[in-house]
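Q: Encoded as structure tokens, here's the structure I'll be asking about.
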Amino acid sequence: MQYTYCGRSGIQLPRLSLGLWHNFGSVDDFGVATQMLLRAFDAGICHFDLANNYGPEPGTAEENFGRIVRENLKGHRDEMFVASKAGHDMWPGVYGTGSSRKNIIASCDQSLRRTGLDYFDVFYSHRYDGVTPVEETMEALVQLVRQGKALYVGISKYPPEQQALAYKILQDAHVPCLLSQYRCSLFDRKAQRQNFQQAYEAGSGIICFSPLAQGLLTGKYNNGIPEGSRAARQSGFLQTSQVTPERIAAARKLQVIAEERGQSLAQMALAWVLSDPRVTSVIIGTSSVAQLDNNLQTLDRLGFSDDERRRIYQIVADPALSF
Ligand SMILES: NC(=O)c1ccc[n+]([C@@H]2O[C@H](COP(=O)([O-])OP(=O)(O)OC[C@H]3O[C@@H](n4cnc5c(N)ncnc54)[C@H](OP(=O)(O)O)[C@@H]3O)[C@@H](O)[C@H]2O)c1
């Protein structure tokens, strides 16, 4: 594994991190989830990305993570960097969602109970909810650090204006924002344009989610929607309507370049996100150990020639590819 420093901090993170949004919930195979997590840890992926609502059922990814760690990785807590978040819908009801102080503080306590951990390495505001003042949310994050429930804090998907305010409030409180989490892939470069430079200049690490556009950038949908894939599963977030002819055509063309590079399309798509020098790590999601092993090989070839970049940008220039 390769590691790099996270923004202006003393923390190093693996270039590939593992996310538990899908495939670790109560609807999933616990044996496969265990194998993936252990394989990741053995390969040096020591950063695990959770959130209160990951499952389904919401909360069960944290419960399963805690169980896997208790049953297999006891004594290794200090070798792990574990993230959780609050802000998206957890349960129906006014206190089950949003970025209020009440939800952030209570949710962190609930996540600690579910995982069985004493603290999170980083705790995020999962989203700017459009209503809660950024001051209220950031002060709640700072409070978690003061209470020892989180070592660092992060923000996820904050629009540029609220992102700037969050950095300022956190900086003033001497709890700088360790990580800024944004969606970024060859099919979605909006955050790269709107948010990365600001994060970089503020000294925040940048960590990217859905780098494979939930599987569209693996080539797996090039000949229809395979059984068991995220788009085919009821619990999957990828909708069949998002598997469009334009995206499939682009994935086919990108696959040609990946093959020339001696990589799978997934590896090339991950390498592309990591090739932005401002990016600390990408969070991968996998549904099998084979996928994880395939993605780990990304690190064998990260660089791109000017010609490869030019051809890739020509393919992904079509606005119809964006989410
Ligand atoms: N902050 C936020 O709001 C936010 C939002 C979303 C995600 N995240 C984080 O980011 C993580 C990653 O997001 P993501 O799961 O959407 O990432 P992704 O890498 O775009 O998609 C992962 C999916 O792609 C398929 N896949 C992965 N590697 C493959 C390979 N080598 N060959 C074929 N198929 C492959 C699998 O789907 P199949 O099931 O079809 O096999 C896998 O579940 C999440 O777990 C979560 O921790 C954060």
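Residues in the structure tokens are numbered from 1 in each chain, the chains being A, B, ... in the order shown, and ligands are numbered from 1 in the order shown.
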Counting only C-alpha atoms and all ligand atoms, name the residues that have an atom within 6 Å of an atom of ligand 1; the answer should be given as a list in words.
A: Gly19, Leu20, Trp21, His22, Asp49, Leu50, His126, Ser156, Gln181, Phe209, Ser210, Pro211, Leu212, Ala213, Gln214, Gly215, Thr218, Lys220, Ser229, Arg230, Ala266, Ile283, Ile284, Gly285, Thr286, Ser287, Gln291, Asn294 and Asn295 of chain A
Q: Please produce a file of those selected residues containing C-alpha atoms, as a CSV table (one decimal), in the first residue's frame.
A:
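In the end it all went to part_33.csv:
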chain,number,residue,atom,x,y,z
A,19,GLY,CA,-16.2,2.3,2.2
A,20,LEU,CA,-19.0,0.4,3.8
A,21,TRP,CA,-22.0,2.2,2.2
A,22,HIS,CA,-23.1,-1.0,0.3
A,49,ASP,CA,-15.4,4.9,5.9
A,50,LEU,CA,-18.7,4.5,7.7
A,126,HIS,CA,-22.3,14.2,6.1
A,156,SER,CA,-18.8,16.0,3.1
A,181,GLN,CA,-15.2,14.3,1.1
A,209,PHE,CA,-16.2,8.7,-3.1
A,210,SER,CA,-17.9,6.8,-5.9
A,211,PRO,CA,-14.8,6.9,-8.0
A,212,LEU,CA,-16.2,4.1,-10.3
A,213,ALA,CA,-19.5,5.9,-10.7
A,214,GLN,CA,-21.0,3.0,-8.6
A,215,GLY,CA,-19.7,0.5,-11.1
A,218,THR,CA,-15.8,-0.9,-14.5
A,220,LYS,CA,-19.7,-4.4,-16.0
A,229,SER,CA,-24.9,-5.9,-9.6
A,230,ARG,CA,-25.7,-2.7,-7.7
A,266,ALA,CA,-11.8,0.1,-12.8
A,283,ILE,CA,-12.8,5.4,-1.1
A,284,ILE,CA,-13.6,2.2,-3.0
A,285,GLY,CA,-16.7,0.0,-2.5
A,286,THR,CA,-16.5,-3.6,-3.4
A,287,SER,CA,-19.0,-6.6,-3.3
A,291,GLN,CA,-13.0,-6.9,-7.0
A,294,ASN,CA,-8.4,-6.1,-8.8
A,295,ASN,CA,-8.7,-2.5,-7.4
Q: Near Glu79 (chain A), within 12 Å and counting only C-alpha atoms, which residues show up once chain neighbours fewer than 3 positions away are dropped, as a list in words?
A: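 So the residues in contact are Gln12, Leu13, Pro14, Phe41, Asp42, Gly44, Ile45, Cys46, His47, Phe48, Val69, Leu73, Lys74, Gly75, His76, Val82 and Asp121 of chain A.
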Q: Would you mind telling me which residue in A:Gly87, A:Gly148, A:Gly7, A:Pro160 lies nearest to Val131 (chain A) when using only C-alpha atoms?
A: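 With only C-alpha atoms as the atom set, the closest residue is A:Gly87.
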Q: Could you pull the residues within 10 Å of Pro58 (chain A), counting only C-alpha atoms, minus those fewer than 2 positions along the same chain, as a PDB file with C-alpha atoms, in the first residue's frame?
A:
ATOM      1  CA  TRP A  21     -22.001   2.155   2.219  1.00  0.00           C
ATOM      2  CA  GLY A  25     -25.512  -4.239   5.817  1.00  0.00           C
ATOM      3  CA  SER A  26     -27.963  -6.714   7.304  1.00  0.00           C
ATOM      4  CA  ALA A  51     -21.822   6.559   8.338  1.00  0.00           C
ATOM      5  CA  ASN A  52     -24.750   6.161  10.705  1.00  0.00           C
ATOM      6  CA  ASN A  53     -27.176   5.366   7.877  1.00  0.00           C
ATOM      7  CA  TYR A  54     -25.095   2.778   5.984  1.00  0.00           C
ATOM      8  CA  GLY A  55     -26.812  -0.603   5.623  1.00  0.00           C
ATOM      9  CA  PRO A  56     -29.518  -1.294   4.808  1.00  0.00           C
ATOM     10  CA  THR A  60     -26.233  -2.266  10.363  1.00  0.00           C
ATOM     11  CA  ALA A  61     -22.980  -1.521   8.474  1.00  0.00           C
ATOM     12  CA  GLU A  62     -21.620  -0.002  11.695  1.00  0.00           C
ATOM     13  CA  GLU A  63     -22.875  -2.988  13.710  1.00  0.00           C
ATOM     14  CA  ASP A  89     -31.838  10.242   7.091  1.00  0.00           C
ATOM     15  CA  MET A  90     -31.402   7.692   9.851  1.00  0.00           C
ATOM     16  CA  TRP A  91     -34.971   7.282  11.003  1.00  0.00           C
TER      17      TRP A  91
END
Q: Calculated over only C-alpha atoms, which of the candidates A:Gln163, A:Gln234, A:Ser322, A:Ser9 has the smallest distance to Gln194 (chain A)?
A: A:Gln163
Q: Any idea what's packed within 12 Å of Thr4 (chain A), counting only C-alpha atoms, ignoring anything in its chain fewer than 3 positions away? Could you give it as a list in words?
A: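 Here the answer would be Met1, Gly7, Arg8, Ser9, Gly10, Ile11, Gln12, Leu13, Pro14, Arg15, Leu16, Ser17, Gly205, Ile206, Ile207, Leu274, Pro277, Arg278, Val279, Thr280, Ser281 and Val282 of chain A.
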Q: Between A:Val134, A:Leu141, A:Val27, A:Ala250, which has the minimum distance to Cys108 (chain A) (counting only C-alpha atoms)?
A: A:Leu141
Q: What residues in region 77-212 of chain A get the DSSP label strand (DSSP E)? Please answer as an mmCIF file with N, CA and C atoms, in the first residue's frame.
A:
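Saved the output as result.cif:
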data_model
loop_
_atom_site.group_PDB
_atom_site.id
_atom_site.type_symbol
_atom_site.label_atom_id
_atom_site.label_comp_id
_atom_site.auth_asym_id
_atom_site.auth_seq_id
_atom_site.Cartn_x
_atom_site.Cartn_y
_atom_site.Cartn_z
ATOM 1 N N PHE A 81 -7.831 3.627 11.006
ATOM 2 C CA PHE A 81 -8.349 4.997 10.981
ATOM 3 C C PHE A 81 -9.817 4.900 10.560
ATOM 4 N N VAL A 82 -10.712 5.094 11.524
ATOM 5 C CA VAL A 82 -12.133 4.807 11.280
ATOM 6 C C VAL A 82 -12.937 6.110 11.260
ATOM 7 N N ALA A 83 -13.717 6.242 10.203
ATOM 8 C CA ALA A 83 -14.552 7.441 10.023
ATOM 9 C C ALA A 83 -16.023 7.096 10.169
ATOM 10 N N SER A 84 -16.790 8.013 10.745
ATOM 11 C CA SER A 84 -18.247 7.916 10.606
ATOM 12 C C SER A 84 -18.814 9.313 10.381
ATOM 13 N N LYS A 85 -20.116 9.358 10.099
ATOM 14 C CA LYS A 85 -20.743 10.627 9.703
ATOM 15 C C LYS A 85 -22.173 10.685 10.216
ATOM 16 N N ALA A 86 -22.698 11.886 10.285
ATOM 17 C CA ALA A 86 -24.112 12.080 10.601
ATOM 18 C C ALA A 86 -24.652 13.208 9.746
ATOM 19 N N PHE A 120 -14.050 7.824 17.281
ATOM 20 C CA PHE A 120 -13.790 7.780 15.836
ATOM 21 C C PHE A 120 -12.547 8.589 15.546
ATOM 22 N N ASP A 121 -11.791 8.140 14.549
ATOM 23 C CA ASP A 121 -10.610 8.915 14.168
ATOM 24 C C ASP A 121 -11.029 10.208 13.496
ATOM 25 N N VAL A 122 -12.059 10.111 12.672
ATOM 26 C CA VAL A 122 -12.605 11.338 12.084
ATOM 27 C C VAL A 122 -14.130 11.222 12.071
ATOM 28 N N PHE A 123 -14.794 12.313 12.436
ATOM 29 C CA PHE A 123 -16.253 12.346 12.387
ATOM 30 C C PHE A 123 -16.669 13.498 11.478
ATOM 31 N N TYR A 124 -17.564 13.185 10.531
ATOM 32 C CA TYR A 124 -17.951 14.160 9.495
ATOM 33 C C TYR A 124 -19.362 14.685 9.699
ATOM 34 N N SER A 125 -19.558 15.898 9.264
ATOM 35 C CA SER A 125 -20.895 16.340 8.905
ATOM 36 C C SER A 125 -21.121 15.798 7.500
ATOM 37 N N ALA A 150 -14.114 12.079 19.000
ATOM 38 C CA ALA A 150 -13.501 12.085 17.664
ATOM 39 C C ALA A 150 -12.138 12.751 17.786
ATOM 40 N N LEU A 151 -11.168 12.250 17.011
ATOM 41 C CA LEU A 151 -9.836 12.866 17.040
ATOM 42 C C LEU A 151 -9.759 14.023 16.054
ATOM 43 N N TYR A 152 -10.444 13.871 14.928
ATOM 44 C CA TYR A 152 -10.431 14.891 13.860
ATOM 45 C C TYR A 152 -11.849 15.042 13.333
ATOM 46 N N VAL A 153 -12.055 16.105 12.552
ATOM 47 C CA VAL A 153 -13.384 16.304 11.963
ATOM 48 C C VAL A 153 -13.267 16.484 10.447
ATOM 49 N N GLY A 154 -14.396 16.279 9.762
ATOM 50 C CA GLY A 154 -14.424 16.434 8.314
ATOM 51 C C GLY A 154 -15.781 16.928 7.849
ATOM 52 N N ILE A 155 -15.810 17.370 6.594
ATOM 53 C CA ILE A 155 -17.078 17.761 5.978
ATOM 54 C C ILE A 155 -17.253 16.969 4.683
ATOM 55 N N SER A 156 -18.508 16.742 4.341
ATOM 56 C CA SER A 156 -18.806 15.966 3.135
ATOM 57 C C SER A 156 -19.814 16.723 2.281
ATOM 58 N N CYS A 177 -10.095 21.303 9.686
ATOM 59 C CA CYS A 177 -10.818 20.245 8.954
ATOM 60 C C CYS A 177 -9.811 19.267 8.348
ATOM 61 N N LEU A 178 -9.794 18.052 8.849
ATOM 62 C CA LEU A 178 -8.800 17.077 8.366
ATOM 63 C C LEU A 178 -9.121 16.620 6.949
ATOM 64 N N LEU A 179 -10.422 16.367 6.690
ATOM 65 C CA LEU A 179 -10.799 15.750 5.418
ATOM 66 C C LEU A 179 -12.038 16.403 4.830
ATOM 67 N N SER A 180 -11.991 16.599 3.529
ATOM 68 C CA SER A 180 -13.170 17.053 2.785
ATOM 69 C C SER A 180 -13.520 15.936 1.819
ATOM 70 N N GLN A 181 -14.757 15.461 1.920
ATOM 71 C CA GLN A 181 -15.153 14.298 1.127
ATOM 72 C C GLN A 181 -16.099 14.733 0.010
ATOM 73 N N TYR A 182 -15.738 14.388 -1.221
ATOM 74 C CA TYR A 182 -16.558 14.774 -2.383
ATOM 75 C C TYR A 182 -16.649 13.621 -3.365
ATOM 76 N N ARG A 183 -17.751 13.600 -4.128
ATOM 77 C CA ARG A 183 -17.875 12.601 -5.199
ATOM 78 C C ARG A 183 -16.988 13.027 -6.356
ATOM 79 N N GLY A 205 -7.224 17.594 3.736
ATOM 80 C CA GLY A 205 -7.073 16.478 2.813
ATOM 81 C C GLY A 205 -8.345 16.317 1.999
ATOM 82 N N ILE A 206 -8.223 15.715 0.811
ATOM 83 C CA ILE A 206 -9.399 15.492 -0.042
ATOM 84 C C ILE A 206 -9.536 13.991 -0.257
ATOM 85 N N ILE A 207 -10.750 13.500 0.005
ATOM 86 C CA ILE A 207 -10.999 12.065 -0.175
ATOM 87 C C ILE A 207 -12.235 11.914 -1.058
ATOM 88 N N CYS A 208 -12.144 11.051 -2.047
ATOM 89 C CA CYS A 208 -13.181 10.990 -3.094
ATOM 90 C C CYS A 208 -14.027 9.734 -2.968
ATOM 91 N N PHE A 209 -15.341 9.910 -3.138
ATOM 92 C CA PHE A 209 -16.225 8.738 -3.113
ATOM 93 C C PHE A 209 -16.855 8.483 -4.487
#
Q: Using only C-alpha atoms, which residue out of A:Lys190, A:Arg101, A:His174, A:Arg310 lies closest to Lys157 (chain A)?
A: A:Lys190
Q: Could you give me, as a count of residues only, each residue of region 55-259 of chain A that DSSP assigns to alpha helix (DSSP H) when run on this structure's backbone?
A: 81
Q: Just the number, please: distance in Å from CA of Glu57 (chain A) to CA of Arg127 (chain A), one decimal.
A: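 Separation between CA of Glu57 (chain A) and CA of Arg127 (chain A): 20.1 Å.
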Q: For region 312-318 of chain A, please output as a PyMOL selection string all residues within 8 Å (counting only C-alpha atoms; exclusion window: fewer than 4 positions along the same chain).
A: chain A and resi 186-187+250+253-254+257+308+322
Q: Select, from A:Pro319, A:Gly203, A:Gly31, A:Gly262, the residue with the minimum atom-to-atom distance to Arg189 (chain A), counting only C-alpha atoms.
A: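 That would be A:Pro319, the residue with the smallest distance to Arg189 (chain A).
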Q: Can you list, as a PyMOL selection string, every protein, DNA or RNA residue that comes within 9 Å of Glu135 (chain A) when you count only C-alpha atoms, leaving out same-chain residues fewer than 3 positions away?
A: chain A and resi 132+138-140+165-166+169
Q: How about saving the chosen residues, N, CA and C atoms kept, as a PDB file, in the first residue's frame?
A:
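selection_32.pdb was written with the following content:
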ATOM      1  N   THR A 132     -29.576  24.349   8.697  1.00  0.00           N
ATOM      2  CA  THR A 132     -28.787  24.526   9.932  1.00  0.00           C
ATOM      3  C   THR A 132     -27.617  25.470   9.668  1.00  0.00           C
ATOM      4  N   MET A 138     -20.589  23.054  12.932  1.00  0.00           N
ATOM      5  CA  MET A 138     -19.147  22.986  13.197  1.00  0.00           C
ATOM      6  C   MET A 138     -18.875  22.987  14.695  1.00  0.00           C
ATOM      7  N   GLU A 139     -19.657  23.779  15.436  1.00  0.00           N
ATOM      8  CA  GLU A 139     -19.457  23.788  16.895  1.00  0.00           C
ATOM      9  C   GLU A 139     -19.756  22.420  17.488  1.00  0.00           C
ATOM     10  N   ALA A 140     -20.716  21.717  16.919  1.00  0.00           N
ATOM     11  CA  ALA A 140     -21.009  20.355  17.401  1.00  0.00           C
ATOM     12  C   ALA A 140     -19.823  19.431  17.112  1.00  0.00           C
ATOM     13  N   LEU A 165     -16.847  28.687   4.895  1.00  0.00           N
ATOM     14  CA  LEU A 165     -17.227  29.074   6.254  1.00  0.00           C
ATOM     15  C   LEU A 165     -16.826  27.986   7.254  1.00  0.00           C
ATOM     16  N   ALA A 166     -17.052  26.746   6.861  1.00  0.00           N
ATOM     17  CA  ALA A 166     -16.707  25.617   7.755  1.00  0.00           C
ATOM     18  C   ALA A 166     -15.212  25.633   8.068  1.00  0.00           C
ATOM     19  N   ILE A 169     -14.456  28.499  10.592  1.00  0.00           N
ATOM     20  CA  ILE A 169     -14.925  28.260  11.969  1.00  0.00           C
ATOM     21  C   ILE A 169     -14.036  27.202  12.650  1.00  0.00           C
TER      22      ILE A 169
END
